[in-house]
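Data block for coords.txt (compact mmCIF, C-alpha atoms and all ligand atoms):
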```txt
# COMPACT_ATOMS: atom_id res chain seq x y z
CA MET A 1 0.00 0.00 0.00
CA LYS A 2 1.32 3.41 -0.96
CA LEU A 3 1.24 5.34 2.29
CA PHE A 4 2.13 8.91 1.50
CA THR A 5 0.18 11.06 -0.90
CA GLU A 6 2.37 14.19 -0.48
CA LYS A 7 6.14 14.77 -0.16
CA ARG A 8 5.73 16.74 3.07
CA GLN A 9 4.11 13.70 4.74
CA GLU A 10 7.29 11.75 4.07
CA ARG A 11 9.39 14.61 5.49
CA LEU A 12 7.18 14.77 8.57
CA PHE A 13 7.45 11.02 9.11
CA LYS A 14 11.27 11.17 8.87
CA LEU A 15 11.41 14.08 11.32
CA VAL A 16 9.16 12.27 13.79
CA LYS A 17 11.05 8.98 13.38
CA ASP A 18 14.25 10.81 14.20
CA TYR A 19 12.62 12.33 17.29
CA TYR A 20 11.52 8.85 18.42
CA LYS A 21 15.12 7.65 18.11
CA LYS A 22 16.43 10.44 20.30
CA ASN A 23 13.71 10.37 22.97
CA LYS A 24 12.46 7.72 25.32
CA PHE A 25 9.08 6.28 24.36
CA ASP A 26 7.66 3.30 26.26
CA PRO A 27 7.96 -0.17 24.62
CA ILE A 28 4.40 -0.26 23.26
CA HIS A 29 4.55 3.22 21.77
CA GLN A 30 7.63 3.01 19.60
CA ILE A 31 7.68 4.19 15.97
CA ASP A 32 6.19 0.84 14.81
CA HIS A 33 2.98 1.81 16.66
CA ILE A 34 2.87 4.95 14.48
CA GLU A 35 3.37 2.83 11.35
CA ARG A 36 0.45 0.57 12.29
CA VAL A 37 -1.83 3.48 13.21
CA LEU A 38 -0.91 5.15 9.94
CA PHE A 39 -1.91 2.00 8.06
CA TRP A 40 -5.33 1.86 9.76
CA THR A 41 -5.82 5.63 9.45
CA ILE A 42 -5.52 5.39 5.68
CA ILE A 43 -7.93 2.45 5.46
CA ILE A 44 -10.56 3.98 7.75
CA SER A 45 -10.18 7.48 6.23
CA LYS A 46 -10.88 6.10 2.77
CA GLU A 47 -13.99 4.29 3.97
CA GLU A 48 -15.26 7.26 5.99
CA LYS A 49 -14.22 9.84 3.38
CA ALA A 50 -12.01 11.77 5.79
CA ASN A 51 -9.42 14.12 4.31
CA LEU A 52 -6.14 12.17 3.99
CA SER A 53 -3.95 15.25 3.71
CA ILE A 54 -4.99 16.12 7.29
CA MET A 55 -5.42 12.57 8.63
CA ILE A 56 -1.94 11.33 7.62
CA PRO A 57 -0.01 14.04 9.51
CA ALA A 58 -2.38 13.62 12.48
CA ALA A 59 -1.58 9.88 12.63
CA ILE A 60 2.17 10.58 12.40
CA VAL A 61 2.25 13.06 15.30
CA HIS A 62 -0.61 11.72 17.45
CA ASP A 63 1.57 10.31 20.28
CA ILE A 64 4.43 12.79 19.98
CA ALA A 65 3.96 14.12 23.55
CA LEU A 66 4.22 10.65 25.15
CA ALA A 67 7.97 10.91 25.70
CA LYS A 68 7.62 14.13 27.71
CA CYS A 69 4.43 13.60 29.66
CA GLY A 70 2.32 10.75 30.98
CA ASP A 71 -0.38 8.82 29.24
CA GLU A 72 -3.16 10.94 30.75
CA LEU A 73 -1.96 14.25 29.38
CA HIS A 74 -0.38 13.21 26.12
CA ALA A 75 -3.34 13.97 23.83
CA ARG A 76 -3.88 17.43 25.31
CA LYS A 77 -0.17 18.29 25.32
CA GLY A 78 0.18 16.67 21.91
CA GLU A 79 -2.20 19.24 20.39
CA ILE A 80 0.34 21.95 21.19
CA PHE A 81 3.52 19.94 20.92
CA CYS A 82 2.86 18.67 17.38
CA LYS A 83 2.79 22.18 15.99
CA SER A 84 6.53 22.71 15.66
CA PHE A 85 6.90 19.43 13.72
CA LEU A 86 4.15 20.49 11.33
CA ARG A 87 5.51 24.01 10.90
CA ARG A 88 8.92 22.62 9.98
CA THR A 89 7.38 20.47 7.24
CA ASP A 90 5.35 23.18 5.46
CA TYR A 91 1.92 22.82 6.98
CA ASN A 92 0.02 26.10 7.09
CA PRO A 93 -1.61 27.53 10.26
CA GLY A 94 -5.11 26.34 9.25
CA GLU A 95 -3.91 22.77 8.69
CA ILE A 96 -1.87 22.80 11.91
CA GLU A 97 -4.95 23.86 13.85
CA LYS A 98 -6.99 21.02 12.32
CA VAL A 99 -4.32 18.38 12.97
CA GLY A 100 -3.93 19.56 16.58
CA LYS A 101 -7.66 19.15 17.22
CA ILE A 102 -7.60 15.59 15.83
CA VAL A 103 -4.59 14.73 18.03
CA ARG A 104 -6.46 15.99 21.08
CA LEU A 105 -9.45 13.76 20.35
CA HIS A 106 -7.54 10.50 19.92
CA SER A 107 -7.44 9.57 23.59
CA THR A 108 -10.13 8.11 25.86
CA ASP A 109 -9.47 10.96 28.32
CA ASP A 110 -11.19 13.39 26.01
CA ILE A 111 -13.92 10.96 25.09
CA ASN A 112 -16.71 13.33 26.11
CA ARG A 113 -15.51 16.29 24.11
CA GLU A 114 -17.42 17.21 21.02
CA ARG A 115 -16.58 14.51 18.48
CA THR A 116 -15.59 15.13 14.85
CA LEU A 117 -15.36 12.68 11.96
CA GLU A 118 -11.56 13.14 11.78
CA GLY A 119 -11.17 12.74 15.54
CA ASN A 120 -13.21 9.54 15.41
CA VAL A 121 -11.18 8.13 12.51
CA LEU A 122 -7.86 8.58 14.33
CA PHE A 123 -9.37 7.29 17.57
CA ASP A 124 -10.49 4.10 15.82
CA ALA A 125 -7.21 3.66 13.92
CA ASP A 126 -5.34 3.92 17.23
CA LYS A 127 -7.65 1.38 18.87
CA MET A 128 -7.08 -1.11 16.05
CA ASP A 129 -3.59 -1.47 17.52
CA ALA A 130 -5.04 -2.49 20.88
CA ILE A 131 -6.89 -5.53 19.53
CA GLY A 132 -6.04 -8.65 17.51
CA SER A 133 -2.76 -10.45 18.09
CA VAL A 134 -0.82 -7.16 18.28
CA GLY A 135 -3.28 -6.11 20.98
CA VAL A 136 -2.66 -9.28 23.02
CA PHE A 137 1.04 -8.45 23.29
CA ARG A 138 0.47 -4.73 23.76
CA HIS A 139 -1.97 -5.26 26.65
CA ALA A 140 0.30 -7.85 28.28
CA LEU A 141 3.38 -5.63 27.98
CA ASP A 142 1.53 -2.59 29.26
CA ARG A 143 0.24 -4.43 32.35
CA ILE A 144 3.67 -5.91 33.08
CA ASN A 145 5.24 -2.44 32.75
CA LYS A 146 2.74 -1.18 35.29
CA GLY A 147 3.72 -3.91 37.76
CA ILE A 148 0.53 -5.98 37.39
CA ARG A 149 1.03 -9.67 38.17
CA PHE A 150 1.09 -12.06 35.21
CA THR A 151 -1.92 -13.97 36.56
CA GLU A 152 -3.95 -10.76 36.66
CA ILE A 153 -3.30 -9.64 33.07
CA GLY A 154 -6.36 -11.47 31.71
CA ASN A 155 -8.76 -10.01 34.30
CA VAL A 156 -7.45 -6.47 33.98
CA THR A 157 -7.62 -6.56 30.19
CA LEU A 158 -11.11 -8.05 30.08
CA LYS A 159 -12.26 -5.34 32.52
CA TRP A 160 -10.73 -2.73 30.19
CA PHE A 161 -12.86 -4.08 27.34
CA LYS A 162 -15.98 -4.21 29.50
CA LYS A 163 -15.55 -0.61 30.58
CA ASN A 164 -14.87 0.64 27.06
CA GLU A 165 -17.80 -1.29 25.67
CA LYS A 166 -20.08 0.11 28.37
CA ASP A 167 -18.92 3.64 27.53
CA ASN A 168 -19.34 2.73 23.87
CA SER A 169 -15.84 3.99 23.28
CA ILE A 170 -13.89 1.30 21.50
CA PHE A 171 -14.93 2.35 18.02
CA PHE A 172 -16.82 5.38 16.82
CA THR A 173 -16.91 4.93 13.04
CA ARG A 174 -18.91 2.34 11.14
CA SER A 175 -15.81 1.04 9.39
CA GLY A 176 -13.87 0.91 12.68
CA LYS A 177 -16.64 -1.23 14.18
CA LYS A 178 -16.73 -3.48 11.12
CA LEU A 179 -12.95 -3.84 10.76
CA GLY A 180 -12.42 -4.32 14.47
CA LYS A 181 -15.11 -6.92 15.11
CA GLU A 182 -13.14 -10.09 14.45
CA ARG A 183 -9.95 -8.78 16.07
CA THR A 184 -11.87 -7.71 19.20
CA ALA A 185 -13.47 -11.16 19.48
CA TYR A 186 -10.03 -12.76 19.06
CA ILE A 187 -8.33 -10.80 21.84
CA LYS A 188 -11.18 -11.30 24.29
CA LYS A 189 -11.24 -15.04 23.56
CA THR A 190 -7.46 -15.23 24.07
CA PHE A 191 -7.62 -13.63 27.51
CA VAL A 192 -10.63 -15.74 28.56
CA LYS A 193 -8.64 -18.85 27.57
CA LEU A 194 -5.56 -17.58 29.43
CA ASN A 195 -7.65 -17.06 32.58
CA LYS A 196 -9.16 -20.53 32.31
CA GLU A 197 -5.76 -22.14 31.92
CA LEU A 198 -4.12 -20.17 34.74
CA ASN A 199 -7.03 -21.00 36.98
CA LYS A 200 -6.23 -24.71 36.56
CA TYR A 201 -2.84 -24.30 38.20
CA THR A 202 -3.90 -22.24 41.18
CA ILE A 203 -3.45 -24.06 44.50
CA ARG A 204 -6.34 -23.38 46.84
CA PHE A 205 -6.64 -24.41 50.50
FE FE B 301 -2.10 8.06 22.29
FE FE B 302 -1.37 5.83 19.72
```
Target encoding structure tokens, full file:
Amino acid sequence: MKLFTEKRQERLFKLVKDYYKKNKFDPIHQIDHIERVLFWTIIISKEEKANLSIMIPAAIVHDIALAKCGDELHARKGEIFCKSFLRRTDYNPGEIEKVGKIVRLHSTDDINRERTLEGNVLFDADKMDAIGSVGVFRHALDRINKGIRFTEIGNVTLKWFKKNEKDNSIFFTRSGKKLGKERTAYIKKTFVKLNKELNKYTIRF
């Protein structure tokens, strides 16, 4: 799949990739996460008819603030922080404003803010990376990084899905829901199986 539709997107990606090399991002949010989100952003944008010349840069810079601030603030800080990267790669003030707003909407922390089509597309593209077999490893790594015991990973992850499904906040777009269905079922089944198996070994008095 041809990813970039404009030369400046390629320049932006190279600039951001270089920034990732020089700064400390956690193991599940390395540059390969950006590559996967970019892939899904293009697919979902095409289906939802979102503007690719705004969506592609938004996908590239969406987690740029993660190296400097925690998970909770990264979307809000990202809206501001992404601007210098965009300025340096020839985006105009109107485009920078639009990209910033999309970046802000990609996280569950701003779930109740007024939603836009573009914000929903990036949100869904980002969530595609939290399901399927990539999602299994991402969730496991994330829990281990946070000090959660191995035997608790299944429960914590299944609770995460339950909460997100209750809030109706795993996917917003029709294509996100459609594309994510099988991969969501797969990851949930994997963690249910893991729980069942681990349960077998537990010694109870
Ligand atoms: Fe993020
Ligand atoms: Fe992300």
Could you tell me, counting only C-alpha atoms and all ligand atoms, which protein and nucleic acid residues lie no more than 8 Å from ligand FE 302 (chain B), written as JSON, numbers by chain?
-> {"A": [29, 33, 34, 37, 62, 63, 106, 126, 127, 129]}
Considering only C-alpha atoms, return as a list in words whatever protein or nucleic-acid residues lie within 7 Å of stretch 173-189 of chain A, sequence-local ones (same chain, fewer than 4 positions apart) excluded.
-> Ile44, Glu47, Asn120, Val121, Asp124, Met128, Ile131, Gly132, Ser133, Gly135, Val136, Leu158 and Lys193 of chain A
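You will find atom CA of A:Gly100 at 11.6 Å from atom CA of A:Ile60.
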Collect all residues with atoms no farther than 12 Å from ligand FE 301 (chain B), counting only C-alpha atoms and all ligand atoms, and output them as a ChimeraX atom specification.
-> /A:25-26,28-30,33-34,37,58-67,69-79,102-110,122-127,129-130
Separation of atom CA of A:Ile31 from atom CA of A:Lys17, in Å and rounded to one decimal = 6.4 Å
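Nearest residue to A:Arg88, choosing from A:Arg8, A:Lys163, A:Lys24, A:Lys2 and counting only C-alpha atoms: A:Arg8.
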Tell me which protein, DNA and RNA residues are within 12 Å of A:Asn92, counting only C-alpha atoms, leaving out same-chain ones fewer than 6 positions away, and put them as a short mmCIF file (atom, residue, chain, number, x, y, z; two decimals) with C-alpha atoms, in the coordinates of the input.
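Output (around.cif):
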```cif
data_model
loop_
_atom_site.label_atom_id
_atom_site.label_comp_id
_atom_site.auth_asym_id
_atom_site.auth_seq_id
_atom_site.Cartn_x
_atom_site.Cartn_y
_atom_site.Cartn_z
CA ARG A 8 5.73 16.74 3.07
CA ILE A 54 -4.99 16.12 7.29
CA LYS A 83 2.79 22.18 15.99
CA SER A 84 6.53 22.71 15.66
CA PHE A 85 6.90 19.43 13.72
CA LEU A 86 4.15 20.49 11.33
CA LYS A 98 -6.99 21.02 12.32
CA VAL A 99 -4.32 18.38 12.97
#
```
Quick one: of A:Asp142, A:Asn199, A:Arg149, A:Phe191, who's nearest to A:Phe161, counting only C-alpha atoms?
-> A:Phe191
Surrounding residues of A:Glu10 excluding itself and chain neighbours under 6 positions, 10 Å, only C-alpha atoms, as a JSON list (two decimals) with C-alpha atoms, in the coordinates of the input:
```
[["chain", "number", "residue", "atom", "x", "y", "z"],
["A", 3, "LEU", "CA", 1.24, 5.34, 2.29],
["A", 4, "PHE", "CA", 2.13, 8.91, 1.50],
["A", 16, "VAL", "CA", 9.16, 12.27, 13.79],
["A", 56, "ILE", "CA", -1.94, 11.33, 7.62],
["A", 57, "PRO", "CA", -0.01, 14.04, 9.51],
["A", 60, "ILE", "CA", 2.17, 10.58, 12.40],
["A", 89, "THR", "CA", 7.38, 20.47, 7.24]]
```
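You can rank A:Tyr19, A:Phe81, A:Tyr91, A:Phe150 by their closest distance to A:Ser53 using all atoms listed in the file, and at the top of that list sits A:Tyr91.
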Would you list the contacts of A:Ser45 as JSON, numbers by chain, taking every protein, DNA or RNA residue within 9 Å and counting all atoms listed in the file, but skipping same-chain residues closer than 3 positions in sequence?
-> {"A": [40, 41, 42, 48, 49, 50, 51, 52, 55, 118, 121, 122]}
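Note that the spacing between atom CA of A:Asp167 and atom CA of A:Phe39 amounts to 25.9 Å.
Environment of (-4.9, -4.6, 29.0): residues at most 7 Å away, judged by all atoms listed in the file, are His139, Ala140, Asp142, Arg143, Ile153, Val156, Thr157 and Trp160 of chain A.
Each of A:Gly154, A:Gly119, A:Pro93, A:Gly147 was checked against A:Leu194 using only C-alpha atoms; the smallest atom-to-atom distance is that of A:Gly154.
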